Amino acid sequence: MTPSVRRPVLAVVQWRRSVTAGAAATVLVAGIGAAGAGAAQADTSPAKADDGARITQETKVADHEVDVTISSPALGKSVKTRILLPKDWQRGAARTWPVLYALHGGQDNYTSWTKNTDIEAWAAKYDVLVVMPEGENGSYTDWYNYGKGGTPKWETFHTAEVRQLMERNYGAGAVRAVIGNSSGGQGAFAYAARHPGLFKYAASLSGTLSLRSAGMPAMLMLTNAGNGQDPFAIWGIPWADDANWAAHDPYALADKLRGTQLFFSAGTTGKPGPGDPDVAPWDIGLLSEIAVGADNKEFKKHLDELKVPYTADIYGDGRHNWPAWIREATKIWPTMMKAIGAKQVAAAARRR
């Protein structure tokens with residue numbers, strides 16, 4: 001499938017501080033949605049998260065699609081999140097919407113789901129809010145930092161800051177699903193296990209679901225080092241800091257996934273699948289998927305032992321890339337929407 005072409009920015013919303021009659025007042029500039037474009041309104045600053053995280057800018061990318069800039073104490077900097085709004089969305093509406101959080105993999109970013117898939121078209125068929133936060137190779141955890149903690153706190157950013165900002169400013173409801181590819185799949189299952197009840201449905205597409213299985217720590221450390229990061233700072237030193245690795249390992253936390261609808265998939269043969277590029281057998285995308293497939297098979301066996309329900313597609317041919325993840329995502333999309341009560345939108349309404 002050909003990646004979608006980036007569209008021009010149509011409008012920007014900025015929240016800024018101005019001084020009026022000696023007091024600080026918040027002004028919304030170039031509003032969109034129910035408030036109407038171009039209307040300046042006093043006292044319309046977005047609600048903050050509990051820790052002070054706040055939205056500082058909203059950029060309209062396309063109809064029903066916006067990017068927001070979030071000033072995050074958990075990360076110690078500002079990053080972006082992309083949002084797909086339901087067709088009937090209105091700013092300040094009394095109702096809420098079911099919400100899907102879509103997490104990206106390593107070396108990707110908050111735009112990757114829209115660049116590489118037709119997620120806008122998938123979402124438009126349902127009454128659902130889709131949130132695609134920045135992950136920035138953060139391995140979906142609050143970094144261990146040699147036991148000192150501190151920034152970046154990606155788990156706090158995703159599960160607290162982004163969630164609260166979406167609920168308080170965009171009508172995200174309390175019925176949620178999460179889907180992720182590659183490291184985003186690991187994040188989806190780790191978050192679901194570490195925050196029981198947060199998600200009704202969790203899906204991992206070629207995610208690492210057994211962080212401490214044979215050879216996996218070394219592969220993860222090499223991958224993160226290759227991304228220019230200190231690999232020991234994320235979860236700690238393997239074996240020496242095993243307790244912290246286990247605290248973020250879906251395999252070790254598997255019993256806590258009980259009650260969440262689960263789907264996971266991965267390839268096993270190291271051969272290209274439908275739509276994959278014709279690459280050499282030693283291609284890293286093929287070799288890495290062999291390791292991920294074995295990892296997923298081990299996780300599947302563990303769930304069977306625990307009698308935790310799941311749906312899995314441990315397929316044969318398939319590279320560690322978007323064509324495989326698109327096949328799996330489109331297959332489970334209706335089930336995922338049903339799990340969170342996202343109703344289908346009539347075709348006539350989708351064309352408006």
# chains A, B, ... in the order shown; residues from 1 in each chain; ligands from 1
call {"tool": "select_by_dssp", "arguments": {"residues": "range 210-336 of chain A", "states": "helix (DSSP H, G or I)", "output": "PyMOL selection string"}}
result
chain A and resi 216-226+231-233+242-246+254-257+284-306+322-336
call {"tool": "residues_around", "arguments": {"residues": "range 214-218 of chain A", "least_positions_apart": "5", "cutoff": "12 Å", "atoms": "only C-alpha atoms", "output": "short mmCIF file (atom, residue, chain, number, x, y, z; two decimals) with N, CA, C and O atoms, in the first residue's frame"}}
result
data_model
loop_
_atom_site.label_atom_id
_atom_site.label_comp_id
_atom_site.auth_asym_id
_atom_site.auth_seq_id
_atom_site.Cartn_x
_atom_site.Cartn_y
_atom_site.Cartn_z
N GLY A 207 4.76 -7.25 18.51
CA GLY A 207 5.35 -6.66 19.70
C GLY A 207 6.16 -7.68 20.48
O GLY A 207 5.91 -8.89 20.41
N THR A 208 7.14 -7.19 21.24
CA THR A 208 7.92 -8.06 22.11
C THR A 208 7.14 -8.28 23.39
O THR A 208 6.97 -7.35 24.19
N LEU A 209 6.65 -9.49 23.61
CA LEU A 209 5.76 -9.77 24.73
C LEU A 209 6.42 -10.60 25.82
O LEU A 209 5.79 -10.89 26.84
N THR A 223 19.14 -2.71 19.75
CA THR A 223 18.22 -1.84 19.02
C THR A 223 18.20 -0.44 19.62
O THR A 223 18.29 0.57 18.91
N ASN A 224 18.09 -0.37 20.95
CA ASN A 224 18.03 0.94 21.60
C ASN A 224 19.36 1.68 21.51
O ASN A 224 19.38 2.90 21.34
N ALA A 225 20.47 0.95 21.59
CA ALA A 225 21.77 1.58 21.41
C ALA A 225 21.91 2.14 20.00
O ALA A 225 22.46 3.23 19.80
N PRO A 231 21.07 2.17 26.49
CA PRO A 231 20.11 1.08 26.68
C PRO A 231 19.93 0.68 28.15
O PRO A 231 18.89 0.15 28.52
N PHE A 232 20.96 0.93 28.99
CA PHE A 232 20.85 0.58 30.41
C PHE A 232 19.91 1.53 31.15
O PHE A 232 19.44 1.21 32.25
N ILE A 234 16.94 2.55 30.29
CA ILE A 234 15.51 2.36 30.05
C ILE A 234 14.88 1.46 31.11
O ILE A 234 14.08 1.92 31.93
N TRP A 235 15.24 0.18 31.10
CA TRP A 235 14.73 -0.76 32.12
C TRP A 235 15.80 -1.13 33.14
O TRP A 235 15.52 -1.80 34.12
N GLY A 236 17.04 -0.72 32.89
CA GLY A 236 18.14 -1.11 33.75
C GLY A 236 19.04 -2.12 33.06
O GLY A 236 18.86 -2.44 31.88
N ILE A 237 19.98 -2.65 33.79
CA ILE A 237 20.92 -3.65 33.26
C ILE A 237 20.28 -5.03 33.38
O ILE A 237 19.82 -5.41 34.46
N PRO A 238 20.19 -5.76 32.27
CA PRO A 238 19.59 -7.10 32.35
C PRO A 238 20.24 -7.94 33.45
O PRO A 238 21.44 -7.85 33.68
N TRP A 239 19.43 -8.73 34.09
CA TRP A 239 19.82 -9.60 35.20
C TRP A 239 20.12 -8.80 36.47
O TRP A 239 19.57 -9.09 37.52
N ASP A 241 19.24 -5.77 37.12
CA ASP A 241 18.01 -5.04 37.46
C ASP A 241 16.79 -5.83 36.99
O ASP A 241 15.82 -5.26 36.48
N ASP A 242 16.85 -7.13 37.18
CA ASP A 242 15.81 -8.01 36.66
C ASP A 242 14.42 -7.67 37.21
O ASP A 242 13.43 -7.81 36.50
N TRP A 245 12.94 -5.08 35.03
CA TRP A 245 12.58 -5.66 33.74
C TRP A 245 11.27 -6.45 33.88
O TRP A 245 10.35 -6.30 33.07
N ALA A 246 11.19 -7.26 34.92
CA ALA A 246 9.99 -8.07 35.13
C ALA A 246 8.76 -7.22 35.36
O ALA A 246 7.65 -7.56 34.94
N ASP A 249 7.40 -6.42 31.92
CA ASP A 249 7.40 -7.52 30.97
C ASP A 249 6.00 -8.12 30.87
O ASP A 249 5.50 -8.68 31.85
N SER A 288 14.53 -10.08 12.44
CA SER A 288 13.93 -9.62 13.70
C SER A 288 12.55 -10.23 13.91
O SER A 288 12.16 -10.54 15.05
N GLU A 289 11.81 -10.46 12.81
CA GLU A 289 10.48 -11.04 12.96
C GLU A 289 10.56 -12.51 13.40
O GLU A 289 9.66 -12.99 14.10
N ILE A 290 11.61 -13.21 13.02
CA ILE A 290 11.79 -14.57 13.52
C ILE A 290 11.88 -14.54 15.05
O ILE A 290 11.24 -15.33 15.75
N ALA A 291 12.69 -13.61 15.58
CA ALA A 291 12.86 -13.50 17.03
C ALA A 291 11.56 -13.09 17.70
O ALA A 291 11.18 -13.64 18.75
N VAL A 292 10.85 -12.15 17.10
CA VAL A 292 9.59 -11.70 17.67
C VAL A 292 8.54 -12.81 17.62
O VAL A 292 7.76 -13.01 18.56
N GLY A 293 8.54 -13.57 16.53
CA GLY A 293 7.59 -14.68 16.41
C GLY A 293 7.82 -15.73 17.48
O GLY A 293 6.86 -16.22 18.10
N ALA A 294 9.08 -16.09 17.72
CA ALA A 294 9.40 -17.05 18.76
C ALA A 294 8.99 -16.52 20.13
O ALA A 294 8.46 -17.26 20.98
N ASP A 295 9.21 -15.24 20.34
CA ASP A 295 8.84 -14.57 21.58
C ASP A 295 7.32 -14.62 21.80
O ASP A 295 6.84 -14.91 22.90
N ASN A 296 6.56 -14.38 20.73
CA ASN A 296 5.10 -14.42 20.82
C ASN A 296 4.58 -15.83 21.07
O ASN A 296 3.59 -16.02 21.79
N GLU A 298 6.14 -18.09 22.78
CA GLU A 298 6.41 -18.34 24.20
C GLU A 298 5.34 -17.67 25.07
O GLU A 298 4.86 -18.24 26.04
#
call {"tool": "select_by_dssp", "arguments": {"residues": "range 18-261 of chain A", "states": "strand (DSSP E)", "output": "ChimeraX atom specification"}}
result
/A:18-20,23-29,41-42,54-62,65-72,77-84,97-103,129-133,172-181,201-205,261
call {"tool": "closest_residue", "arguments": {"among": "A:Ser45, A:Thr269, A:Thr151, A:Thr96", "to": "Tyr170 in chain A", "atoms": "only C-alpha atoms"}}
result
A:Thr96
call {"tool": "atom_distance", "arguments": {"atom1": "CA of Pro250 in chain A", "atom2": "CA of Ser210 in chain A"}}
result
6.1 Å
call {"tool": "residues_around", "arguments": {"residues": "Tyr315 in chain A", "least_positions_apart": "3", "cutoff": "8 Å", "atoms": "only C-alpha atoms", "output": "list in words"}}
result
Ser265, Ala266, Gly267, Thr268 and Gly318 of chain A
call {"tool": "closest_residue", "arguments": {"among": "A:Val128, A:Thr111, A:Phe264, A:Asn169", "to": "Glu58 in chain A", "atoms": "only C-alpha atoms"}}
result
A:Asn169
call {"tool": "closest_atom_pairs", "arguments": {"of": "range 164-194 of chain A", "to": "range 260-263 of chain A", "cutoff": "9 Å", "atoms": "only C-alpha atoms", "output": "JSON lines"}}
result
{"residue": "A:Phe189", "atom": "CA", "partner": "A:Leu262", "partner_atom": "CA", "distance": 8.5}
{"residue": "A:Ala192", "atom": "CA", "partner": "A:Thr260", "partner_atom": "CA", "distance": 7.5}
{"residue": "A:Ala193", "atom": "CA", "partner": "A:Thr260", "partner_atom": "CA", "distance": 8.7}
call {"tool": "atom_distance", "arguments": {"atom1": "CA of Glu134 in chain A", "atom2": "CA of Val178 in chain A"}}
result
14.2 Å
call {"tool": "closest_residue", "arguments": {"among": "A:Thr56, A:Asn227, A:Ser213, A:Ser182", "to": "His320 in chain A", "atoms": "only C-alpha atoms"}}
result
A:Ser182
call {"tool": "residues_around", "arguments": {"residues": "Ala339 in chain A", "least_positions_apart": "4", "cutoff": "8 Å", "atoms": "only C-alpha atoms", "output": "list in words"}}
result
Ala177, Lys200, Tyr201, Gln261 and Thr335 of chain A
call {"tool": "closest_residue", "arguments": {"among": "A:Phe299, A:Trp325, A:Trp333, A:Trp97", "to": "Leu205 in chain A", "atoms": "only C-alpha atoms"}}
result
A:Trp325
call {"tool": "closest_residue", "arguments": {"among": "A:Pro334, A:Val162, A:Asp118, A:Ala102", "to": "Ile179 in chain A", "atoms": "only C-alpha atoms"}}
result
A:Ala102
call {"tool": "atom_distance", "arguments": {"atom1": "CA of Val175 in chain A", "atom2": "CA of Trp143 in chain A"}}
result
27.6 Å
call {"tool": "closest_residue", "arguments": {"among": "A:Asp108, A:Phe157, A:Lys338, A:Asn116", "to": "Ile70 in chain A", "atoms": "only C-alpha atoms"}}
result
A:Phe157
